[in-house]
$ cat model33.cif   # mmCIF, C-alpha atoms
data_protein
#
loop_
_atom_site.label_atom_id
_atom_site.label_comp_id
_atom_site.auth_asym_id
_atom_site.auth_seq_id
_atom_site.Cartn_x
_atom_site.Cartn_y
_atom_site.Cartn_z
CA MET F 1 2.69 -15.74 -13.06
CA GLU F 2 6.09 -14.28 -12.56
CA PHE F 3 8.06 -16.10 -15.21
CA LEU F 4 10.74 -13.44 -15.80
CA THR F 5 11.59 -12.44 -12.23
CA PHE F 6 14.33 -13.94 -10.09
CA SER F 7 12.95 -12.79 -6.71
CA GLY F 8 10.39 -14.57 -4.58
CA ARG F 9 9.61 -18.24 -4.25
CA ALA F 10 8.22 -20.95 -6.53
CA GLY F 11 6.73 -24.28 -5.53
CA ARG F 12 7.58 -27.65 -7.07
CA LEU F 13 4.64 -27.67 -9.45
CA GLU F 14 5.34 -24.14 -10.71
CA TYR F 15 9.01 -25.00 -11.20
CA LEU F 16 8.17 -28.20 -13.05
CA GLY F 17 5.65 -26.41 -15.23
CA PHE F 18 8.12 -23.71 -16.26
CA ALA F 19 10.84 -26.31 -16.84
CA VAL F 20 8.52 -28.22 -19.19
CA LEU F 21 7.51 -24.95 -20.89
CA GLY F 22 11.16 -24.01 -21.38
CA GLY F 23 11.97 -27.44 -22.78
CA PHE F 24 8.98 -27.23 -25.14
CA ILE F 25 10.10 -23.81 -26.37
CA HIS F 26 13.62 -25.18 -26.94
CA LEU F 27 12.22 -28.15 -28.88
CA ILE F 28 9.93 -26.08 -31.11
CA ASN F 29 12.67 -23.53 -31.57
CA ALA F 30 15.10 -26.21 -32.73
CA LEU F 31 12.58 -27.83 -35.08
CA VAL F 32 11.55 -24.54 -36.71
CA PHE F 33 14.73 -22.49 -36.87
CA ILE F 34 17.68 -24.89 -37.07
CA ASP F 35 18.46 -25.88 -40.63
CA THR F 36 21.02 -28.47 -41.51
CA ASP F 37 21.86 -28.13 -45.15
CA PRO F 38 23.23 -31.39 -46.57
CA ALA F 39 24.55 -29.49 -49.58
CA ALA F 40 26.74 -27.43 -47.28
CA GLY F 41 28.28 -30.53 -45.77
CA GLY F 42 25.82 -30.77 -42.87
CA ALA F 43 26.65 -27.30 -41.57
CA LEU F 44 24.29 -25.95 -38.94
CA PHE F 45 22.51 -22.72 -39.87
CA THR F 46 20.55 -20.83 -37.23
CA SER F 47 18.23 -17.87 -37.50
CA PRO F 48 18.38 -14.76 -35.27
CA LEU F 49 14.88 -15.75 -34.13
CA TYR F 50 16.37 -19.00 -32.84
CA LEU F 51 18.70 -17.01 -30.59
CA LEU F 52 15.77 -14.94 -29.32
CA GLY F 53 13.75 -18.08 -28.52
CA PHE F 54 16.77 -19.72 -26.91
CA VAL F 55 17.35 -16.74 -24.62
CA LEU F 56 13.66 -16.50 -23.72
CA ALA F 57 13.37 -20.20 -22.86
CA THR F 58 16.60 -20.12 -20.87
CA VAL F 59 15.54 -17.07 -18.84
CA ILE F 60 12.12 -18.61 -18.11
CA THR F 61 13.69 -21.88 -16.96
CA TRP F 62 16.47 -20.32 -14.88
CA SER F 63 14.21 -17.74 -13.21
CA SER F 64 11.85 -20.47 -12.05
CA ALA F 65 14.82 -22.57 -10.89
CA VAL F 66 16.21 -19.64 -8.85
CA ARG F 67 12.80 -19.04 -7.27
CA ARG F 68 12.57 -22.77 -6.53
CA CYS F 69 15.95 -22.58 -4.77
CA HIS F 70 14.57 -19.67 -2.75
CA ASP F 71 11.62 -21.84 -1.74
CA ILE F 72 13.91 -24.47 -0.23
CA GLY F 73 15.97 -21.80 1.54
CA ARG F 74 18.96 -21.80 -0.83
CA SER F 75 20.50 -19.04 -2.87
CA GLY F 76 20.22 -19.10 -6.65
CA PHE F 77 23.94 -19.87 -6.76
CA PHE F 78 23.01 -23.38 -5.63
CA LEU F 79 22.14 -24.04 -9.29
CA LEU F 80 25.82 -23.86 -10.17
CA TRP F 81 26.09 -27.41 -8.81
CA GLN F 82 24.28 -28.53 -11.95
CA PHE F 83 27.44 -27.86 -13.95
CA VAL F 84 29.39 -30.46 -11.94
CA PRO F 85 29.03 -33.75 -13.88
CA ILE F 86 27.76 -36.25 -11.27
CA LEU F 87 26.65 -33.82 -8.58
CA GLY F 88 24.57 -31.91 -11.12
CA ILE F 89 22.03 -34.71 -11.40
CA ALA F 90 21.74 -34.92 -7.61
CA ALA F 91 21.37 -31.13 -7.34
CA ALA F 92 18.66 -31.08 -10.02
CA LEU F 93 16.74 -33.87 -8.25
CA PHE F 94 17.19 -32.10 -4.92
CA VAL F 95 15.70 -28.88 -6.29
CA LEU F 96 12.81 -30.79 -7.86
CA LEU F 97 11.91 -33.15 -5.02
CA VAL F 98 12.59 -31.36 -1.72
CA THR F 99 9.60 -29.64 -0.13
CA GLY F 100 9.84 -25.92 0.40
CA ASP F 101 10.00 -24.13 3.72
CA ASP F 102 6.60 -24.07 5.41
CA MET F 103 7.02 -20.65 6.92
CA LYS F 104 8.28 -17.34 5.66
CA ASN F 105 12.02 -17.39 4.98
CA ARG F 106 14.46 -14.68 3.92
CA TYR F 107 13.10 -14.82 0.36
CA GLY F 108 9.45 -14.23 1.26
CA PRO F 109 6.28 -16.08 2.22
CA PRO F 110 5.62 -19.57 0.90
CA PRO F 111 3.89 -19.71 -2.47
CA TRP F 112 0.37 -21.19 -2.52
CA SER F 113 1.06 -23.37 0.49
CA VAL F 114 -1.33 -24.63 3.11
CA THR F 115 0.59 -22.67 5.74
CA ASN F 116 0.29 -19.45 3.78
CA ARG F 117 -3.44 -19.98 3.38
CA ALA F 118 -3.73 -20.81 7.09
CA GLU F 119 -1.88 -17.62 8.00
CA LYS F 120 -4.18 -15.58 5.77
CA ARG F 121 -7.23 -17.32 7.23
CA ALA F 122 -6.04 -16.61 10.78
CA GLU F 123 -5.42 -12.97 9.86
CA LEU F 124 -8.96 -12.69 8.47
CA GLU F 125 -10.38 -14.35 11.59
CA ARG F 126 -8.49 -11.89 13.82
CA ALA F 127 -9.81 -8.98 11.77
CA SER F 128 -13.39 -10.27 11.90
CA LEU F 129 -13.07 -10.87 15.66
CA ALA F 130 -11.83 -7.30 16.12
CA VAL F 131 -14.83 -6.02 14.15
CA ALA F 132 -17.19 -8.17 16.23
CA ILE F 133 -15.67 -6.85 19.46
CA GLU F 134 -15.96 -3.26 18.23
CA GLN F 135 -19.63 -3.84 17.45
CA GLN F 136 -20.32 -5.35 20.88
CA VAL F 137 -18.44 -2.77 22.92
CA LYS F 138 -20.54 0.29 23.47
CA PRO F 139 -18.58 3.37 24.49
CA ASP F 140 -21.32 4.57 26.84
CA GLN F 141 -20.76 1.64 29.23
CA GLU F 142 -18.87 2.56 32.37
CA TRP F 143 -16.16 -0.08 31.90
CA VAL F 144 -14.97 1.48 28.64
CA THR F 145 -12.62 4.41 29.14
CA ASP F 146 -12.67 7.58 27.05
CA ASP F 147 -9.89 6.36 24.76
CA GLY F 148 -11.75 3.07 24.02
CA ALA F 149 -9.64 0.87 26.32
CA PHE F 150 -11.20 -1.59 28.74
CA ASP F 151 -11.46 -0.95 32.47
CA MET F 152 -11.10 -4.54 33.65
CA ASP F 153 -12.46 -3.85 37.13
CA GLY F 154 -15.57 -2.22 35.66
CA LEU F 155 -15.98 -5.11 33.21
CA TRP F 156 -15.64 -7.62 36.05
CA ASN F 157 -18.24 -5.79 38.13
CA ASP F 158 -20.70 -5.64 35.20
CA SER F 159 -20.35 -9.35 34.42
CA GLY F 160 -22.23 -10.45 37.53
CA ILE F 161 -19.67 -13.17 38.25
CA SER F 162 -18.42 -13.25 41.80
CA ARG F 163 -14.69 -13.16 42.41
#
$ encode --input "model33.cif" --output "structure tokens"
Amino acid sequence: MEFLTFSGRAGRLEYLGFAVLGGFIHLINALVFIDTDPAAGGALFTSPLYLLGFVLATVITWSSAVRRCHDIGRSGFFLLWQFVPILGIAAALFVLLVTGDDMKNRYGPPPWSVTNRAEKRAELERASLAVAIEQQVKPDQEWVTDDGAFDMDGLWNDSGISR
């Protein structure tokens, strides 16, 4: 899992998982390290470890959000819409609910998608077909040239099929 990188693409489930993880870290961080002292008039005291946890949770959440934007074909700057009061909710829902690009886009191949698996399967089938052809073609046959290419006229004549 690439939870600290801002390049590549992330699917909806990965984005949601890291958002929940970031929220959980923020919650635990607040419960453990924030201390409100009633004797000090309710002042808020924070630990340096709180700041470390806050930065870590924020980087995890924002990196997954940027990769999610890449998955839907948008730049990471699209997340700046979340700071606009009403449009921020719509932008957050858009990032969460819209399906990613099925094919490779400018940010890379789709993550864990059916299309990506189909492309890999087709690539493996092409490779296995090439191996099967290499095993069937015998270089001593007259329709195979010295460099391994096919002589189509020789192949046609050896097939026994009339033109």
$ resolve_selection --input "model33.cif" --expression "the PyMOL selection byres ((chain F and resi 61-68) around 9)" --output "PyMOL selection string"
chain F and resi 2-12+14-16+18-23+56-60+69-79+95-96+100+107
$ atom_distance --input "model33.cif" --atom1 "CA of Glu123 (chain F)" --atom2 "CA of Pro111 (chain F)"
16.9 Å
$ atom_distance --input "model33.cif" --atom1 "CA of Ala127 (chain F)" --atom2 "CA of Lys104 (chain F)"
20.8 Å
$ atom_distance --input "model33.cif" --atom1 "CA of Pro85 (chain F)" --atom2 "CA of Leu97 (chain F)"
19.3 Å
$ resolve_selection --input "model33.cif" --expression "the PyMOL selection byres ((chain F and resi 29) around 9)" --output "list in words"
Phe24, Ile25, His26, Leu27, Ile28, Ala30, Leu31, Val32, Phe33, Ile34, Leu49, Tyr50, Leu51, Gly53 and Phe54 of chain F
$ write_last_selection --input "model33.cif" --atoms "C-alpha atoms" --output "PDB file, in the frame of the given file"
ATOM      1  CA  PHE F  24       8.980 -27.230 -25.140  1.00  0.00           C
ATOM      2  CA  ILE F  25      10.100 -23.810 -26.370  1.00  0.00           C
ATOM      3  CA  HIS F  26      13.620 -25.180 -26.940  1.00  0.00           C
ATOM      4  CA  LEU F  27      12.220 -28.150 -28.880  1.00  0.00           C
ATOM      5  CA  ILE F  28       9.930 -26.080 -31.110  1.00  0.00           C
ATOM      6  CA  ALA F  30      15.100 -26.210 -32.730  1.00  0.00           C
ATOM      7  CA  LEU F  31      12.580 -27.830 -35.080  1.00  0.00           C
ATOM      8  CA  VAL F  32      11.550 -24.540 -36.710  1.00  0.00           C
ATOM      9  CA  PHE F  33      14.730 -22.490 -36.870  1.00  0.00           C
ATOM     10  CA  ILE F  34      17.680 -24.890 -37.070  1.00  0.00           C
ATOM     11  CA  LEU F  49      14.880 -15.750 -34.130  1.00  0.00           C
ATOM     12  CA  TYR F  50      16.370 -19.000 -32.840  1.00  0.00           C
ATOM     13  CA  LEU F  51      18.700 -17.010 -30.590  1.00  0.00           C
ATOM     14  CA  GLY F  53      13.750 -18.080 -28.520  1.00  0.00           C
ATOM     15  CA  PHE F  54      16.770 -19.720 -26.910  1.00  0.00           C
TER      16      PHE F  54
END
$ closest_residue --input "model33.cif" --among "F:Ala122, F:Ala92, F:Met103, F:Pro110" --to "Leu80 (chain F)" --atoms "all atoms listed in the file"
F:Ala92
